[in-house]
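These notes are about the structure you will find just below.
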Protein chains: 2
Amino acid sequence: MKKWNQNLLYTILLLFSSLLPESLSAQKNVPQWGCFETSFTCKTKGNPFTEVSLNATFINNETHDTVRVTGFYDGNDIFKVRFMPQKQGLWTYEIKSSESKLNGRKGSLVCIKPETGNHGMVQVGKSSDFTFSDGGSYYPFGTTAYAWTHMDNGIQNLTLKSLAQSGFNKVRMCIFPKYYALVKEEPASYPYEIKSVTTDSKGEKHYEWDFNRFNPQFFQHLERRILQLDSLGIQADLILFHPYDKGHWGFDAMPMDANIKYIKYVVSRLAPYRNVWWSLANEFDYVKSKTVDNWITLSRTVTTTDPYKHLCSIHGSTACYFDYSLPYFTHTSIQDQAPVSDFGRAATIRNIFKKPVIFDEVCYEGNLPNRWGQLSGEEMLYRIWQGLIAGTYVTHGECFNFSNGNDTIFWAKGGPLRGESWKRIAFTRKLIESLPNSLQLADMSWDNITSTAGPGYYFIYLGKEAPDSWIFNLPTKNANYPKLTAGEKFKVEVIDTWNMTTEVYPAIFETTAQGNYRFVDKEGKKVSLPQKTYLLLRITHAL
Amino acid sequence: MKKWNQNLLYTILLLFSSLLPESLSAQKNVPQWGCFETSFTCKTKGNPFTEVSLNATFINNETHDTVRVTGFYDGNDIFKVRFMPQKQGLWTYEIKSSESKLNGRKGSLVCIKPETGNHGMVQVGKSSDFTFSDGGSYYPFGTTAYAWTHMDNGIQNLTLKSLAQSGFNKVRMCIFPKYYALVKEEPASYPYEIKSVTTDSKGEKHYEWDFNRFNPQFFQHLERRILQLDSLGIQADLILFHPYDKGHWGFDAMPMDANIKYIKYVVSRLAPYRNVWWSLANEFDYVKSKTVDNWITLSRTVTTTDPYKHLCSIHGSTACYFDYSLPYFTHTSIQDQAPVSDFGRAATIRNIFKKPVIFDEVCYEGNLPNRWGQLSGEEMLYRIWQGLIAGTYVTHGECFNFSNGNDTIFWAKGGPLRGESWKRIAFTRKLIESLPNSLQLADMSWDNITSTAGPGYYFIYLGKEAPDSWIFNLPTKNANYPKLTAGEKFKVEVIDTWNMTTEVYPAIFETTAQGNYRFVDKEGKKVSLPQKTYLLLRITHAL
């Protein structure tokens, strides 16, 4: 169908939609990668969560792309079907359901071009990196606020405010509430209906849940927060399971059939939101009720249930690596500070997995007595840069606990950010987002400080060194790009990653070979440096 | 069967073996993990390599263990069947063959206890380490002599002499000859029958091979060398394919069906030798004729054909990691210097793969202009120790090329060893072989220098630092062993890994906690050190 025909058809459809029979009355304009939703009121005799099947097949009338989605029960006799169209044009759908009132219903929607700022889902790119659905680059600058949606609403709004004024574009967050040292708040609602509550001799409540009846309110709240994150351009890295419970609620130790029902319910509700990522677990190995085989089953359930194939990973305790080569995992979500505590390490992880590498926990900036929560801001930012120059990504976290007791400890609860490293994220992100390609070491395993973003574009990170000068020198090898040659002219910018300053060095450098493996300036020129730590050199072709 | 009954039976069988009918006349005494061999003369009409099926099923009369092996054609109308019994006792066998003269033949052997020095095969242990079949520990101290069996016999004998006086217990070696800078010798025989030879305008010979007809002489020679290595206690890490050919012989670019026939022939001949390891390739990614899927097919062919499940891995170019999580690979065989060039790196590789980690190339000690062949002896040994303290293993290699042109360059050709690091291998190996358990970092990702071999047994490697003292301190965490406690008494030995000296430090240290994560001496005592590099501290419980 030609473009003008297509547009004409949409216009006619839109003008006459109010005159169409009921089966088409749900037709809406939905931006590409937006969420289409349709609701049906239907009283059922059995358990509407488990005894009603509901799915819908959406077909793009032009491309014939076909997407089958699962609907869900949202309480108050309301069933919903959600769908994220990934292609523009007219989509029609038909419902299949065990409920005769729902079965056979039909409808359509028109998927229009995405609104400004809507780039679609984040997906895996070609070079162990990420891209948006619209082809734009995505570089993760994440932080951690595990239980932020389970705090009181004032704190939650503060968290959004903190995120809005930061440069973060991803947040790791748990679906289930968290019960752990420093965070024991009860959430306003729970994911399941309560069968019974008993209070033990210590006054602690014990809940018995109905794992066959979800609490829609809990998920409606979560969805609102996910949409708010999206409006801030932030990916919601949703942690499906975690060990921070240990008998308090028991969500870490549900039977496997309940785990699978939970995944299916969550995926049917949340997968149509473009900014969702799946994280099977935080510290999977601390969840004592589940084996590695259980995790594989659960991971497979996520990826086979999700029609959009959102990013998916799993996270272990320190240095506990899941087998990220498994097809369920689009990227790594590692907890390990070792690979980003010094040069020459993180790139190896990228070489091994050949997938995007995220280090989602490398200790936190903070003032806790625990050794994992006492990094300086400088060290946190240093580790982020160690990741970046190796072509990998490091998630921020902070946990400051002040004596007034009012502190919210961002890592757990959200609230205000108290550290120093977060202030550098927007600056760092801008540097990375201006690259022509994602970074990787130019001369793998031989030069651990020189990162390339393509021909004539290098970042050299000096880390904790504070030299008074740097002799202009670059490796001959430039990853898989053409080798560096003699006579190329470069300018050098000296970037202070901590103080966020950029100075163009007043000289032009011209390459000449020094042996087989390096190039230097033909006059042997060097760059004078201010003897500060955490410097970055941006070396680009001089025009 | 009771032991004395069993022994009596063997004795009777042995005494009367000469009186038994032909079908049992091949009966022999074979040590456990030794190689039983039986031969059959049989003229065939078709191609004896490809048109005769031949296999034998061996059954242990007591345990009923059943092993099916494939025989092979050894030239001169002789077919052979080899078998490595892994359990003692009487084994009987029956031949199945497409040749009626061979089909149905039966025989037996008595597997007796292994001779001194025969520990069986090397297999994967419980803790990303290796054990012998008899339960003893095996710690790989390998070197590299890719084409040693293709040199003239004098050089080959020199190589064996070099190995005999070194501490090496593994050698990486290619089955196919090598054609590469610094090594272009033609071997005395080739693995295949020659169809035709043409000489091009440059005088270079071009061979056309019959990939359906192996040259038994070539393999008989290889077998003799493998057995000689075994008599020196050296594992033969056999490289099945390599890229160092590029049209000279064409063994790197045979069709896949020829590759598979080759593997099956090699495995049927060599798998019964206990000291064989399979290395699918050296620098697999430089073999341009084969895809990753091809390598997986070939790896699967090896492991499904080998009835004994010898160790098996594959090796890439620098920082090119195959997916070692695949079930075909028992261990890694990595080429990458990055993980062993400094602290805090190699252990991560072990954490990722959860298999024994061998770095089979981390650059070589030598004097070549190539950057991969110019390590100092100190640096070679340093990298070996970086591997060891992280619970991994590093293969040695040296490539000295002297101006007299007589040099053999051990890494390629074998011959005399010329470097300095090899002289330290026996000393290093003795230190490692005296450990109660294999090493691993005691406090993973937090302390990169302290390695544990169990309760009260630590190695601390100081590498390139040359401090005048070391304050006695150990981590609380001790891998998966019980945590260190207060009041434990230790002695410290100062070991100079380069000069191969060991001194007991004249003090006893007693632990007291310092915070949650470390222990120090209760009086804060330190160890005075000689301000030398490459020191190792052996810290063990004082009696």
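Each chain in the structure tokens gets a letter, A, B, ..., in the order shown, and its residues are numbered from 1; ligands are numbered from 1 in order too.
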Next on the checklist: Write out as a PyMOL selection string the set of residues from range 78-321 of chain B that DSSP, computed on the backbone, places in helix (DSSP H, G or I).
Outcome noted: chain B and resi 148-150+153-165+216-231+251-253+256-270+284-286+292-305
Next on the checklist: Using only C-alpha atoms, which protein or nucleic acid residues come within 10 Å of range 192-207 of chain A? Drop anything in the same chain fewer than 3 positions from it, and give the result as a PyMOL selection string.
Outcome noted: chain A and resi 189+210-219+247-251+262
Using only C-alpha atoms, find each residue of chain A with at least one atom at most 10 Å away from an atom of chain B; report its shortest atom-to-atom pair and that distance in Å (one decimal), sort the rows by chain and rising residue number, and return the result as JSON lines.
{"residue": "A:Thr318", "atom": "CA", "partner": "B:Ser445", "partner_atom": "CA", "distance": 7.5}
{"residue": "A:Ala319", "atom": "CA", "partner": "B:Asn351", "partner_atom": "CA", "distance": 6.5}
{"residue": "A:Cys320", "atom": "CA", "partner": "B:Asn351", "partner_atom": "CA", "distance": 6.6}
{"residue": "A:Tyr321", "atom": "CA", "partner": "B:Ile352", "partner_atom": "CA", "distance": 5.3}
{"residue": "A:Phe322", "atom": "CA", "partner": "B:Ile352", "partner_atom": "CA", "distance": 7.4}
{"residue": "A:Asp323", "atom": "CA", "partner": "B:Ile352", "partner_atom": "CA", "distance": 7.4}
{"residue": "A:Tyr324", "atom": "CA", "partner": "B:Ile352", "partner_atom": "CA", "distance": 9.0}
{"residue": "A:Ser325", "atom": "CA", "partner": "B:Asp323", "partner_atom": "CA", "distance": 7.5}
{"residue": "A:Leu326", "atom": "CA", "partner": "B:Ser325", "partner_atom": "CA", "distance": 9.3}
{"residue": "A:Asp336", "atom": "CA", "partner": "B:Ser445", "partner_atom": "CA", "distance": 6.9}
{"residue": "A:Gln337", "atom": "CA", "partner": "B:Ser445", "partner_atom": "CA", "distance": 6.5}
{"residue": "A:Ala338", "atom": "CA", "partner": "B:Ser445", "partner_atom": "CA", "distance": 4.9}
{"residue": "A:Pro339", "atom": "CA", "partner": "B:Arg345", "partner_atom": "CA", "distance": 7.0}
{"residue": "A:Val340", "atom": "CA", "partner": "B:Gly344", "partner_atom": "CA", "distance": 9.8}
{"residue": "A:Ser341", "atom": "CA", "partner": "B:Gly344", "partner_atom": "CA", "distance": 8.5}
{"residue": "A:Asp342", "atom": "CA", "partner": "B:Gly344", "partner_atom": "CA", "distance": 8.3}
{"residue": "A:Phe343", "atom": "CA", "partner": "B:Asp342", "partner_atom": "CA", "distance": 9.3}
{"residue": "A:Gly344", "atom": "CA", "partner": "B:Ala338", "partner_atom": "CA", "distance": 6.1}
{"residue": "A:Arg345", "atom": "CA", "partner": "B:Arg345", "partner_atom": "CA", "distance": 5.9}
{"residue": "A:Ala346", "atom": "CA", "partner": "B:Arg345", "partner_atom": "CA", "distance": 9.0}
{"residue": "A:Ala347", "atom": "CA", "partner": "B:Ala319", "partner_atom": "CA", "distance": 9.2}
{"residue": "A:Thr348", "atom": "CA", "partner": "B:Ala319", "partner_atom": "CA", "distance": 7.1}
{"residue": "A:Ile349", "atom": "CA", "partner": "B:Ile349", "partner_atom": "CA", "distance": 8.1}
{"residue": "A:Arg350", "atom": "CA", "partner": "B:Tyr321", "partner_atom": "CA", "distance": 9.8}
{"residue": "A:Asn351", "atom": "CA", "partner": "B:Tyr321", "partner_atom": "CA", "distance": 6.4}
{"residue": "A:Ile352", "atom": "CA", "partner": "B:Tyr321", "partner_atom": "CA", "distance": 5.3}
{"residue": "A:Phe353", "atom": "CA", "partner": "B:Asp323", "partner_atom": "CA", "distance": 7.8}
{"residue": "A:Lys354", "atom": "CA", "partner": "B:Tyr321", "partner_atom": "CA", "distance": 9.0}
{"residue": "A:Pro369", "atom": "CA", "partner": "B:Asn516", "partner_atom": "CA", "distance": 9.3}
{"residue": "A:Asn370", "atom": "CA", "partner": "B:Asn516", "partner_atom": "CA", "distance": 8.7}
{"residue": "A:Arg371", "atom": "CA", "partner": "B:Tyr517", "partner_atom": "CA", "distance": 8.4}
{"residue": "A:Trp372", "atom": "CA", "partner": "B:Trp446", "partner_atom": "CA", "distance": 9.8}
{"residue": "A:Met444", "atom": "CA", "partner": "B:Ala319", "partner_atom": "CA", "distance": 7.1}
{"residue": "A:Ser445", "atom": "CA", "partner": "B:Ala338", "partner_atom": "CA", "distance": 4.9}
{"residue": "A:Trp446", "atom": "CA", "partner": "B:Ala338", "partner_atom": "CA", "distance": 7.4}
{"residue": "A:Asp447", "atom": "CA", "partner": "B:Ala338", "partner_atom": "CA", "distance": 9.4}
{"residue": "A:Asn448", "atom": "CA", "partner": "B:Ala338", "partner_atom": "CA", "distance": 8.7}
{"residue": "A:Gly515", "atom": "CA", "partner": "B:Pro369", "partner_atom": "CA", "distance": 9.7}
{"residue": "A:Asn516", "atom": "CA", "partner": "B:Asn370", "partner_atom": "CA", "distance": 8.6}
{"residue": "A:Tyr517", "atom": "CA", "partner": "B:Arg371", "partner_atom": "CA", "distance": 8.4}
Filtering to C-alpha atoms, could you give me those residues as an mmCIF file, in the first residue's frame?
data_model
loop_
_atom_site.group_PDB
_atom_site.id
_atom_site.type_symbol
_atom_site.label_atom_id
_atom_site.label_comp_id
_atom_site.auth_asym_id
_atom_site.auth_seq_id
_atom_site.Cartn_x
_atom_site.Cartn_y
_atom_site.Cartn_z
ATOM 1 C CA THR A 318 29.862 -10.868 44.692
ATOM 2 C CA ALA A 319 31.827 -12.738 42.013
ATOM 3 C CA CYS A 320 29.023 -15.276 41.572
ATOM 4 C CA TYR A 321 28.552 -15.416 37.808
ATOM 5 C CA PHE A 322 25.515 -17.047 36.257
ATOM 6 C CA ASP A 323 26.079 -18.646 32.842
ATOM 7 C CA TYR A 324 25.307 -15.527 30.833
ATOM 8 C CA SER A 325 25.989 -17.389 27.609
ATOM 9 C CA LEU A 326 22.515 -18.947 27.945
ATOM 10 C CA ASP A 336 31.721 -7.871 41.238
ATOM 11 C CA GLN A 337 34.008 -4.996 41.967
ATOM 12 C CA ALA A 338 37.167 -6.865 40.917
ATOM 13 C CA PRO A 339 36.762 -6.252 37.166
ATOM 14 C CA VAL A 340 36.347 -2.479 37.558
ATOM 15 C CA SER A 341 38.745 -1.761 40.395
ATOM 16 C CA ASP A 342 41.728 -1.381 38.098
ATOM 17 C CA PHE A 343 42.775 -1.360 34.458
ATOM 18 C CA GLY A 344 42.950 -4.448 32.272
ATOM 19 C CA ARG A 345 40.040 -6.340 33.733
ATOM 20 C CA ALA A 346 36.548 -5.403 32.546
ATOM 21 C CA ALA A 347 37.282 -5.870 28.852
ATOM 22 C CA THR A 348 37.990 -9.551 29.468
ATOM 23 C CA ILE A 349 34.421 -10.051 30.694
ATOM 24 C CA ARG A 350 33.165 -8.468 27.465
ATOM 25 C CA ASN A 351 35.444 -10.735 25.431
ATOM 26 C CA ILE A 352 34.115 -13.787 27.209
ATOM 27 C CA PHE A 353 30.394 -13.144 26.921
ATOM 28 C CA LYS A 354 30.212 -11.236 23.619
ATOM 29 C CA PRO A 369 30.200 -0.027 58.353
ATOM 30 C CA ASN A 370 29.810 -2.761 55.727
ATOM 31 C CA ARG A 371 32.728 -2.838 53.331
ATOM 32 C CA TRP A 372 30.394 -2.901 50.315
ATOM 33 C CA MET A 444 42.944 -5.479 23.399
ATOM 34 C CA SER A 445 45.064 -7.008 26.160
ATOM 35 C CA TRP A 446 48.082 -4.873 25.202
ATOM 36 C CA ASP A 447 46.908 -1.352 26.017
ATOM 37 C CA ASN A 448 44.442 -1.121 28.893
ATOM 38 C CA GLY A 515 57.979 0.397 15.891
ATOM 39 C CA ASN A 516 55.193 -1.892 14.739
ATOM 40 C CA TYR A 517 52.715 -1.299 17.474
#
Once DSSP has gone over the backbone, tell me which residues of range 69-241 of chain B are in strand (DSSP E), as a short mmCIF file (atom, residue, chain, number, x, y, z; two decimals) with N, CA and C atoms, in the first residue's frame.
data_model
loop_
_atom_site.label_atom_id
_atom_site.label_comp_id
_atom_site.auth_asym_id
_atom_site.auth_seq_id
_atom_site.Cartn_x
_atom_site.Cartn_y
_atom_site.Cartn_z
N VAL B 69 34.96 -49.56 21.92
CA VAL B 69 36.04 -48.80 21.29
C VAL B 69 36.04 -49.07 19.78
N THR B 70 36.65 -48.15 19.06
CA THR B 70 36.75 -48.31 17.61
C THR B 70 38.17 -48.71 17.27
N PHE B 72 41.20 -49.55 14.20
CA PHE B 72 41.70 -48.75 13.08
C PHE B 72 42.63 -49.60 12.22
N TYR B 73 42.84 -49.12 11.02
CA TYR B 73 43.73 -49.80 10.09
C TYR B 73 45.13 -49.20 10.23
N ILE B 78 47.10 -54.81 8.41
CA ILE B 78 46.94 -55.03 9.85
C ILE B 78 45.89 -54.06 10.42
N PHE B 79 44.92 -54.65 11.11
CA PHE B 79 43.93 -53.87 11.84
C PHE B 79 44.24 -54.00 13.33
N LYS B 80 43.96 -52.92 14.05
CA LYS B 80 44.26 -52.95 15.49
C LYS B 80 43.08 -52.45 16.30
N VAL B 81 43.01 -53.02 17.48
CA VAL B 81 42.05 -52.53 18.47
C VAL B 81 42.84 -52.22 19.73
N ARG B 82 42.63 -51.02 20.25
CA ARG B 82 43.31 -50.64 21.50
C ARG B 82 42.27 -50.34 22.57
N PHE B 83 42.68 -50.55 23.79
CA PHE B 83 41.74 -50.36 24.90
C PHE B 83 42.51 -50.01 26.16
N GLY B 89 40.85 -56.19 36.94
CA GLY B 89 40.06 -57.42 36.83
C GLY B 89 40.08 -57.97 35.43
N LEU B 90 39.31 -59.00 35.23
CA LEU B 90 39.24 -59.67 33.93
C LEU B 90 38.29 -58.92 33.00
N TRP B 91 38.77 -58.59 31.85
CA TRP B 91 37.93 -57.98 30.81
C TRP B 91 37.86 -58.94 29.64
N THR B 92 36.66 -59.16 29.11
CA THR B 92 36.54 -59.92 27.87
C THR B 92 36.02 -58.99 26.80
N TYR B 93 36.31 -59.33 25.56
CA TYR B 93 35.85 -58.45 24.48
C TYR B 93 35.39 -59.27 23.29
N GLU B 94 34.61 -58.60 22.46
CA GLU B 94 34.16 -59.20 21.22
C GLU B 94 34.21 -58.15 20.13
N ILE B 95 34.70 -58.58 18.97
CA ILE B 95 34.86 -57.66 17.83
C ILE B 95 33.60 -57.68 16.98
N LYS B 96 33.19 -56.51 16.54
CA LYS B 96 32.17 -56.42 15.48
C LYS B 96 32.84 -55.75 14.28
N SER B 97 32.68 -56.36 13.14
CA SER B 97 33.33 -55.79 11.96
C SER B 97 32.55 -56.13 10.71
N LYS B 106 36.84 -62.96 19.70
CA LYS B 106 36.73 -62.70 21.13
C LYS B 106 38.09 -62.80 21.78
N GLY B 107 38.21 -62.23 22.92
CA GLY B 107 39.45 -62.32 23.66
C GLY B 107 39.27 -61.78 25.05
N SER B 108 40.35 -61.72 25.78
CA SER B 108 40.26 -61.17 27.14
C SER B 108 41.62 -60.63 27.56
N LEU B 109 41.60 -59.89 28.61
CA LEU B 109 42.83 -59.38 29.20
C LEU B 109 42.60 -59.28 30.70
N VAL B 110 43.68 -59.27 31.41
CA VAL B 110 43.58 -59.06 32.84
C VAL B 110 44.20 -57.72 33.16
N CYS B 111 43.37 -56.88 33.73
CA CYS B 111 43.87 -55.55 34.13
C CYS B 111 44.41 -55.64 35.54
N ILE B 112 45.69 -55.41 35.64
CA ILE B 112 46.37 -55.52 36.94
C ILE B 112 46.63 -54.12 37.51
N VAL B 122 44.44 -37.65 33.57
CA VAL B 122 44.12 -36.41 34.29
C VAL B 122 42.66 -36.09 34.01
N GLN B 123 41.93 -35.81 35.07
CA GLN B 123 40.51 -35.49 34.95
C GLN B 123 40.18 -34.24 35.74
N VAL B 124 38.97 -33.77 35.59
CA VAL B 124 38.57 -32.56 36.31
C VAL B 124 38.27 -32.90 37.76
N PHE B 130 42.37 -30.21 38.88
CA PHE B 130 42.54 -31.49 38.20
C PHE B 130 42.95 -32.57 39.20
N THR B 131 42.54 -33.80 38.90
CA THR B 131 43.03 -34.94 39.66
C THR B 131 43.42 -36.05 38.68
N PHE B 132 44.28 -36.92 39.14
CA PHE B 132 44.54 -38.15 38.39
C PHE B 132 43.43 -39.15 38.69
N SER B 137 46.45 -35.38 43.13
CA SER B 137 46.29 -34.07 42.49
C SER B 137 47.19 -33.96 41.27
N TYR B 138 46.71 -33.27 40.28
CA TYR B 138 47.54 -32.92 39.13
C TYR B 138 47.46 -31.40 38.95
N GLY B 142 52.70 -26.60 32.17
CA GLY B 142 52.91 -26.96 30.78
C GLY B 142 53.91 -26.07 30.08
N THR B 143 54.40 -26.57 28.96
CA THR B 143 55.14 -25.72 28.04
C THR B 143 54.62 -26.01 26.63
N THR B 144 55.24 -25.37 25.68
CA THR B 144 54.73 -25.36 24.31
C THR B 144 55.86 -25.74 23.37
N LYS B 170 53.30 -31.09 31.15
CA LYS B 170 52.35 -31.03 30.02
C LYS B 170 53.06 -30.33 28.88
N VAL B 171 52.79 -30.76 27.67
CA VAL B 171 53.34 -30.05 26.51
C VAL B 171 52.26 -29.90 25.46
N ARG B 172 52.10 -28.67 24.99
CA ARG B 172 51.16 -28.44 23.88
C ARG B 172 51.88 -28.72 22.57
N MET B 173 51.27 -29.54 21.73
CA MET B 173 51.92 -29.97 20.49
C MET B 173 50.87 -30.23 19.41
N CYS B 174 51.25 -29.89 18.20
CA CYS B 174 50.33 -30.04 17.07
C CYS B 174 50.47 -31.42 16.45
N TYR B 192 48.69 -38.11 5.66
CA TYR B 192 47.88 -38.72 4.60
C TYR B 192 48.78 -39.26 3.49
N GLU B 193 48.23 -40.18 2.73
CA GLU B 193 48.90 -40.62 1.51
C GLU B 193 48.85 -39.48 0.50
N ILE B 194 49.92 -39.38 -0.26
CA ILE B 194 50.02 -38.32 -1.27
C ILE B 194 49.42 -38.83 -2.57
N LYS B 195 48.49 -38.07 -3.14
CA LYS B 195 47.93 -38.40 -4.45
C LYS B 195 48.87 -37.92 -5.55
N SER B 196 49.31 -36.67 -5.39
CA SER B 196 50.22 -36.11 -6.40
C SER B 196 50.98 -34.94 -5.79
N VAL B 197 52.13 -34.65 -6.35
CA VAL B 197 52.92 -33.49 -5.94
C VAL B 197 53.24 -32.68 -7.19
N THR B 198 52.98 -31.39 -7.13
CA THR B 198 53.40 -30.52 -8.23
C THR B 198 54.30 -29.44 -7.67
N THR B 199 55.17 -28.93 -8.51
CA THR B 199 56.09 -27.88 -8.07
C THR B 199 55.75 -26.61 -8.84
N LYS B 205 56.56 -26.92 -3.46
CA LYS B 205 55.78 -28.12 -3.74
C LYS B 205 54.32 -27.97 -3.30
N HIS B 206 53.44 -28.50 -4.10
CA HIS B 206 52.02 -28.53 -3.73
C HIS B 206 51.55 -29.96 -3.73
N TYR B 207 50.98 -30.36 -2.61
CA TYR B 207 50.58 -31.75 -2.44
C TYR B 207 49.08 -31.90 -2.66
N GLU B 208 48.71 -33.00 -3.28
CA GLU B 208 47.31 -33.38 -3.26
C GLU B 208 47.21 -34.64 -2.42
N TRP B 209 46.38 -34.57 -1.39
CA TRP B 209 46.30 -35.67 -0.41
C TRP B 209 45.09 -36.53 -0.68
N ASP B 210 45.22 -37.79 -0.28
CA ASP B 210 44.05 -38.65 -0.26
C ASP B 210 43.50 -38.66 1.16
N PHE B 211 42.47 -37.84 1.41
CA PHE B 211 41.94 -37.72 2.76
C PHE B 211 41.21 -39.00 3.21
N ASN B 212 41.13 -39.96 2.32
CA ASN B 212 40.55 -41.25 2.70
C ASN B 212 41.61 -42.30 3.02
N ARG B 213 42.88 -41.90 2.94
CA ARG B 213 43.95 -42.84 3.26
C ARG B 213 44.99 -42.17 4.16
N PHE B 214 44.95 -42.59 5.42
CA PHE B 214 45.94 -42.06 6.36
C PHE B 214 47.28 -42.74 6.14
N GLN B 235 51.93 -34.86 30.18
CA GLN B 235 50.69 -34.94 29.42
C GLN B 235 50.91 -34.37 28.02
N ALA B 236 50.35 -35.07 27.01
CA ALA B 236 50.44 -34.60 25.63
C ALA B 236 49.15 -33.87 25.28
N ASP B 237 49.21 -32.55 25.28
CA ASP B 237 48.03 -31.72 24.97
C ASP B 237 48.00 -31.57 23.44
N LEU B 238 47.31 -32.50 22.79
CA LEU B 238 47.38 -32.65 21.33
C LEU B 238 46.47 -31.66 20.63
N ILE B 239 47.06 -30.83 19.80
CA ILE B 239 46.31 -29.83 19.04
C ILE B 239 45.86 -30.46 17.73
N LEU B 240 44.56 -30.62 17.56
CA LEU B 240 44.01 -31.35 16.41
C LEU B 240 44.05 -30.53 15.12
N PHE B 241 43.80 -29.22 15.24
CA PHE B 241 43.83 -28.34 14.06
C PHE B 241 44.56 -27.05 14.42
#
Item to check | Which of B:Glu398, B:Asp77, B:Asp257, B:Glu186 sits closest to Ala147 in chain B [using only C-alpha atoms] | outcome: B:Glu186
